Amino acid sequence: MNVEDSESPFDVTSDRYALQSVHLLSDEEDSDEGALGPQEAFKEEEPALSPDFKWLEELYDDDHSDVDGDLAVATVNGKKRRNAETARMFKLRRNLDQLDCFHQQKERDVLKAREELNACRQNIESLVEQRDGLEEEIEQQRAVDNNVAVFRLRAQHKHMCHKLQSEEELEGHINTGLKQQELLLIEVEVELGRFSFLRQEVQEEERVFQAIKSQKAAVRLQRERKTSQNLRLKMQHLRDTQEAVLKEEEVEYRKKIEDGRANRKIAAKYLKETIKRMHQQEAEQENRELLEKRIQAVKSLKTNIAATKESLRVQQNRAKANAQKKEQQRRQLRESLEAQGINSIKHMYQQKQLEQIKRKQAEFEGRQKSKRVEIVAKILQEEQLVKSRNRHQALLPKPSTADKFPSLGRVTEKLLRNLDPSPPSEESATVQLTQFSDLSSSSSDPSDVGDLEESVEQEGDHQSLADSLAEPEFSGLWDQNYKKLLNVKAPLVLTEVNQKAPATTSGKLNVPARKVHGKELKLPPFISKPEVIVFKDFELGMMYKKRIVLTNTSYITNYCKLLRVSTKLNHFLSVNFEPPGFLSSGMSCDMQAVFKPVINEDLEGEVQFVSAVGPFSVPVRCSIKRCDLEVDSRFVDFGSHVVGQTISWTITLTNKGALATLFSLDTSTRLSPETSRDQMALKEKSSEKTTSDTQSSSVSMVTGELQPKQESQELSEASQQEHPESEGSASSPEVIPETCVSTDEHVQMEQSHSDSGDISLGNVREGELGPFESLKLEVVFTPTIPGEAKLDFHIKFSDLTSKPIPIQVRGVAVSVPVCVVQPSIDLKICMFDHIYQDCIVVQSRARTALKLTFEVCPEMKRHMEILPKTGLVQAQSSFNAQLKFLPRSSLSRDAKRLFDSDTGVLEVPVAVRVEGQVKLVHFTVQAVVTSSDLQFDRTEVDFGFCSIDQSVKSVIRLTNLSLLPQDFGFPGVPEFIELQPNDGFGTLLPQETLEIDLIFNPDKVKEYSFQISCKSGIDRDFPLSCRAVGVRPPLQLSHSLVQFGATALGDRSTAVLYLLDLQTTHDQSKGLIPSVAAPRLFSFTLPEDSDVSISPSTGSLLPGERRLVQVTFRPRLSDQDIKEEALRLLQRAKYTEQETKTEVPVEAVKSSKVSDGLKTDQLTESPDPADIQPWSEQYEEARNSLLYSFSPRYRECIVPCFVSDGEDNQKAQLAWRPFNTLHLRLQCPAVQPPLVVVSNYGNNRVDFHQVVVGERVIKRFTVQNISRETLDLRSSVLGVHGPFSLLNALRSIRPGDKHTLVLAFSPLLEKKYCETLEVCSQKMTLEVTLCGEGVFPTVTSSHPGGLLDFGFVLEKQSTSQVLKLQNSSPVIVGFRVLLASLAPSRPQGGADSVASLLRTYSDSQVQPTVGTQNYSALSVFSAVPGEGSIAPGQSLDVNVTFQPDHPSVNYSDRLTVQLMNKSKVCVVDLKGAASSHNMYLLGGDPLTVAIESLLPPLITSQSQLTESELGKKPTSPVLVTLRAKYSAGVVTPAVRELQVGCIRSTAPIKKSGEFLWDNMASLQQLGFSVDPSKGTVESGHKRTITVTWTPHFGYKPYEVVQACLPLTLKGDESNVYRVTLMALISTTAD
């Protein structure tokens, strides 16, 4: 930060008056020392002391006024010292120390003057020797007649004589000053000798004071020791009481734990019995249900087989009849066509093809419609399941106990489902019925019906769960445990989880961020290895030990102390840890954790430690043995297989846990909702796979797929006929459709058995799976009927915590004996005019050899061929054919239907005709055909005019139009052409465009025309034409390449080069460049935001002229980079704050997903870089971050220099030709600066702004060494007569240290100043720009100056007036309010001389500048504030207060408002009077001097006064002189005025007053008249009394007429003034 200090001229005091005072004091002391003693001489010399020695007067007065009394009391009593004596002692010591300091200062001045005198004399001696040497040399040169040397030496001799004369004058001046300094030193030493007795006395008093102080300290120490002992005893008693209370609580707690354990054992005993009985009942129920299901399945299977046989017989008969009918129609059609002369075979073949296409289209539309219906049904089912699940979650209680006892909750749920006899309510039944009816109408899949039944059954179970828990089997035990678990333990568990969640979420030590030595600790002070103490798969009764290593990762020497173990682990985990003491950074210590499990449940907690940085903890996790079961595949797809084969699939079941379990394979279709959802997802995946297979399969496969659908339709019709009552009951909402549900269950079971007849499980269907073991389960697929076969089963486990694993098995049986192994052959990406081959494998499952014929569509005859076209495949073997594909350029015209020219995708259907088989075997050949062309963005490159000393670069774009990568290269390139990158060789990715730089370097002045060729990796050529013209420019640069050295940010590097005009003759025959002798203009054009400057950037050159050009490189950080860094820091700070926040509980997270989404959106929104203001706090942080992490940067730039043609430079628009342009290449490496500015927001400009002329403002400028080396700093010299100055010296700073430069600005004139200060080090020079402006202050006062009269005030009361100061200048102006009475030195003589005080004035009374002062030593006049500053355009009120403490009319002072540059705003004379009564009389002639003595008035002894004098009040004399003027025989009467006033006061006194003249009759006889003679005066007002003297006829001039009469003033008291009227006639005109 910048610190501005203004030095005041009042802080610097001169010793001039002090020296004069000492000198005067010594003279008077010498004159009076013989007649008076030391003390008397000191008293006599008091008036001669200057203001700087006023403290000597106070010192002497205090010494002689109190020494007799106070020291006598101290010697007599010896017990108590008075405060006044102690203050006097300290005051004496302070004054003596000041005198010693003054003596030391004078000694230093004398020594300094002597050193200057010696230096001057040595200089004189050296000058004399040089003068003598010059004289000898002059004589020698004169002897050899060398006049030139003589004249030169005479000039040197004359100059030397002048210097010698000035040195001698300086010596005299220094000698005089030395004598004055020695004289002053002697005077000060005399003063020291005079006060030696006071020094001894002060030392004695200090010794006594120290003794008393030590005695008091001893007493206080004894009292504090006694108090601390009492406090220690009280703390010990309190500690014993707390220990007793803790012991009692511990005993009670242990008792509660023992009772809880006993209750838990009893509850576990009864719970085991209940669970055992429930298992038995559940097993019996399952056996009965399984037996019933098997019986019903067998019955339904028999009926289905019989119905299927009948339907097949009917279909076969119908098919035979239809075939005969179609054959007859075909025969008739053939005969009619032949009769008409049409080719019947061709016509029938076309009709057959059209029918097949229509049938396929109809089948495809049917499949799409059925899939669409299935998708809608699944979506509706999922929505219903989500709604029912949300409704059940809202009704169910919070599963706190279920989380802790999962097995108990699951067993209890099954028990309640089996034992609950109450039927569901009407509303729930209605909802179930509507859901069931909707879903059954929208979907015909049996699995969907099963899922629906399962959801309905689960809904009923969830609804009855909460009600059934109210009536447990064992009421007493259940009530106690259940209520405790729900009401007490649930919130405790939640709170413990919430408290531990933040500490263990990341699995690492959780410690808030701290700062050590200004560095933020992102990691905890200690890290543990391992990071988390894990006891996995523990057993009860065993002991587990683990060794943990703690390592100090903080930046300081740290210690580690064990605090505690978590409450939950306190009884099971013990830590053996010995504190190692202080550890350096990187050192480690060991500890051992011993775990003894007692209960079989998971435990989590932490071991808490404390360090010097703060607390930290190590997480602990203890887990019991569990089963971790998984299978390698949950979906088994056998694919397509011929009927009669046997295929097996192995599923691996793995237990990754440490707990063994029993497993069994269950083929029932009732699965959990999670299983049903998994099945739906797997069905969607399998449907995508099977669609492609079904499309490429044979006709028999299609018929096989249709058969199960027809069977299911017939079965559904039969079920509807057998159960007509169920349909009627389902239509009425009042009756529960139980029969309908049961019927659907039977149908589903029958369907599943019919589907899974071809798929069976292996021999292993149940068994035991040990810990960390794996087992293989076999699934066998034996297809018997063409169509799709499926089997859904799940693996159940005896471990209640393990969920069943669902398995889905699918397979397709086909009856076609011949098929293509790869129904879709993908040739990937192919190029035109290139041959590609692949192998076609045909598999035969027939038992006889078959003849094959491959048929390719006619459009592809010229592009695709299969060899051999005809072949013989043996029984149950394969046949291989060769596919050749040669795409030609005419592919898009030949096969428009098969080839997409936009995307290049080709799909060719190929058929395999099998002898004796009507259905063809189809397969597809797919390929993406692309071209192999490389394309330039232009056909010709024109380099234009190019100088033979320069290079011209042109960028071309080469595009790969192929979808495959291609290699390319430019072979045979001419010497004057260069290609980059990689010399013109490389690889182009698909559809990639590469920019290639063509660099043309001409070596001759001529026209160039050539061609370069690009060759691809497949040996294709792509030519490119080029042309250019080589020229010679009129101007040349001495260097076309400038390589700057590594320059630090903030520093600069300078390079010097020359621009030459060689005036060469160009080729005029071609009219390229004219040859003229006119000057040529040049101009360097720099890029925007460049760190380079060129001087001069523009100019002109005559033929043969050379111009120096200076190039300066100043690396800096761009504003855009700094703003981007600021944005990055802000975003990182936001993410850090988000991570450090405490995690919200799970319920709150679920209920506030929308708000969290909004918050994350707000966090991801980045602010606009334009919002970051330069030199703001964020801007400074980003700049420092870039500086501290700056890596070396290398940039190159090419600066063009445009040169005019030189034909006519007087034109407004000069002619510039591109071939005349020169190019300057600059290489600019920038490195990290070793010295950076850390103050003033990193700005190198120190702006003092506007400063008042005469003042000095100080600012501080701080730099820091961020390098790894020590830097020696030095600075440039500022202007000697300039306003800027460097106040402190530069030094060496170590890495990381800072140094502050103190700069001062003191303007002398009203103008703007600017200078540059260079701070240099070994590696860089930091330039600091100093600027400021000097202005004159303009401050006005509301009072113009002169007299400010406060009037009369009651003694010990005050009155105030306000002076308003207005600042009209544009800067803050400081001021001080000075009172002459408080000035360190008062002016001697002048207006305060005795002569001026004794002069009389007829109209006014003149008082001294500083008048009467208060007796209390407080200032009579005070000004608040005494000093301050006024803002530009603002005003300030100065409150001047008059507060006297005794009656007087001579109060006066002088107030001066002075600015800091010693200019005065105004000078105000303050005047006031004080009275002890509210009535006062003003006017008359002065009877006393204006200076009053501060001594109290002389009081006469009461014994000398008589009784009559004591009864009378004293009167105050007033003299009024009346001067009548006589001129030309006319006498002008004399008139004087007196004023009677009444002071307004807040005291409870009389508010108004009266006045009265006595003996008025005698006055009239003498010619005096008074008007008015009596009257009243209101409070705060004055009345004027006019006294007139009219002389009688015949009165002589200068004859005095005198009269005396009393004037009585009645106010709070009556005062009598004895007014003396004295009149005379004056003939002078004064």
# chains A, B, ... in the order shown; residues from 1 in each chain; ligands from 1
>>> residues_around(residues="Gln876 in chain A", least_positions_apart="6", cutoff="8 Å", atoms="only C-alpha atoms", output="ChimeraX atom specification")
/A:843-848
>>> write_last_selection(atoms="C-alpha atoms", output="short mmCIF file (atom, residue, chain, number, x, y, z; two decimals), in the first residue's frame")
data_model
loop_
_atom_site.label_atom_id
_atom_site.label_comp_id
_atom_site.auth_asym_id
_atom_site.auth_seq_id
_atom_site.Cartn_x
_atom_site.Cartn_y
_atom_site.Cartn_z
CA GLN A 843 -22.63 -73.91 -43.71
CA SER A 844 -24.77 -77.00 -44.39
CA ARG A 845 -26.58 -78.86 -41.62
CA ALA A 846 -28.21 -81.32 -44.01
CA ARG A 847 -27.28 -84.97 -44.08
CA THR A 848 -26.78 -84.98 -47.87
#
>>> residues_around(residues="range 198-208 of chain A", least_positions_apart="4", cutoff="7 Å", atoms="only C-alpha atoms", output="MDAnalysis selection string")
chainID A and resid 89 92:93 212
>>> atom_distance(atom1="CA of Gly1017 in chain A", atom2="CA of Thr987 in chain A")
9.1 Å
>>> closest_residue(among="A:Asp1061, A:Glu940, A:Asp240, A:Glu135", to="Leu1101 in chain A", atoms="only C-alpha atoms")
A:Asp1061
>>> closest_residue(among="A:Cys857, A:Leu1187, A:Leu170, A:Leu153", to="Gly133 in chain A", atoms="only C-alpha atoms")
A:Leu153
>>> residues_around(residues="range 808-816 of chain A", least_positions_apart="2", cutoff="8 Å", atoms="only C-alpha atoms", output="ChimeraX atom specification")
/A:634-643,679,698,700-701,704,759,781,783-793,806,818-819
>>> residues_around(residues="Leu1059 in chain A", least_positions_apart="4", cutoff="12 Å", atoms="only C-alpha atoms", output="PDB file with C-alpha atoms, in the first residue's frame")
ATOM      1  CA  PRO A1034      15.779   0.521 -53.404  1.00  0.00           C
ATOM      2  CA  LEU A1035      16.513   0.440 -49.636  1.00  0.00           C
ATOM      3  CA  GLN A1036      18.331  -2.156 -47.604  1.00  0.00           C
ATOM      4  CA  LEU A1037      18.535  -3.095 -43.934  1.00  0.00           C
ATOM      5  CA  SER A1038      21.885  -3.754 -42.341  1.00  0.00           C
ATOM      6  CA  HIS A1039      20.318  -6.731 -40.546  1.00  0.00           C
ATOM      7  CA  SER A1040      17.119  -8.458 -41.587  1.00  0.00           C
ATOM      8  CA  ARG A1080      12.534   7.891 -50.513  1.00  0.00           C
ATOM      9  CA  LEU A1081      10.090   7.671 -47.665  1.00  0.00           C
ATOM     10  CA  PHE A1082       9.915   4.605 -45.420  1.00  0.00           C
ATOM     11  CA  SER A1083       7.468   3.447 -42.750  1.00  0.00           C
ATOM     12  CA  PHE A1084       7.637   0.482 -40.351  1.00  0.00           C
ATOM     13  CA  SER A1095      12.269   4.522 -33.551  1.00  0.00           C
ATOM     14  CA  PRO A1096      12.050   6.243 -35.961  1.00  0.00           C
ATOM     15  CA  SER A1097       9.099   4.405 -37.433  1.00  0.00           C
ATOM     16  CA  THR A1098       8.825   6.762 -40.405  1.00  0.00           C
ATOM     17  CA  GLY A1099      11.249   9.023 -42.256  1.00  0.00           C
ATOM     18  CA  SER A1100      12.995   9.749 -45.536  1.00  0.00           C
ATOM     19  CA  LEU A1101      16.396   8.842 -46.985  1.00  0.00           C
ATOM     20  CA  LEU A1102      18.415  10.630 -49.610  1.00  0.00           C
ATOM     21  CA  PRO A1103      20.544   8.662 -52.072  1.00  0.00           C
ATOM     22  CA  GLY A1104      23.589   7.266 -50.289  1.00  0.00           C
ATOM     23  CA  GLU A1105      22.288   8.248 -46.860  1.00  0.00           C
ATOM     24  CA  ARG A1106      22.275   5.925 -43.838  1.00  0.00           C
ATOM     25  CA  ARG A1107      19.719   6.165 -41.019  1.00  0.00           C
ATOM     26  CA  LEU A1108      20.065   4.584 -37.564  1.00  0.00           C
ATOM     27  CA  VAL A1109      16.984   2.607 -36.462  1.00  0.00           C
ATOM     28  CA  GLN A1110      16.512   1.556 -32.841  1.00  0.00           C
ATOM     29  CA  CYS A1201       8.912  -1.582 -43.940  1.00  0.00           C
ATOM     30  CA  VAL A1203       9.249   2.205 -49.142  1.00  0.00           C
ATOM     31  CA  LEU A1222      11.452  -4.684 -46.696  1.00  0.00           C
ATOM     32  CA  HIS A1223      10.807  -7.213 -43.945  1.00  0.00           C
ATOM     33  CA  LEU A1224      12.491  -7.245 -40.558  1.00  0.00           C
TER      34      LEU A1224
END
>>> residues_around(residues="Lys1323 in chain A", least_positions_apart="5", cutoff="12 Å", atoms="only C-alpha atoms", output="ChimeraX atom specification")
/A:1045-1053,1231-1235,1265,1267-1273
>>> residues_around(residues="Val1111 in chain A", least_positions_apart="2", cutoff="6 Å", atoms="only C-alpha atoms", output="PyMOL selection string")
chain A and resi 1054-1055+1093-1094
>>> select_by_dssp(residues="range 984-1156 of chain A", states="strand (DSSP E)", output="number ranges by chain")
A: 986-988, 993-1000, 1007-1016, 1021-1031, 1035-1037, 1041-1043, 1047-1048, 1053-1061, 1080-1084, 1092-1095, 1098-1101, 1106-1113
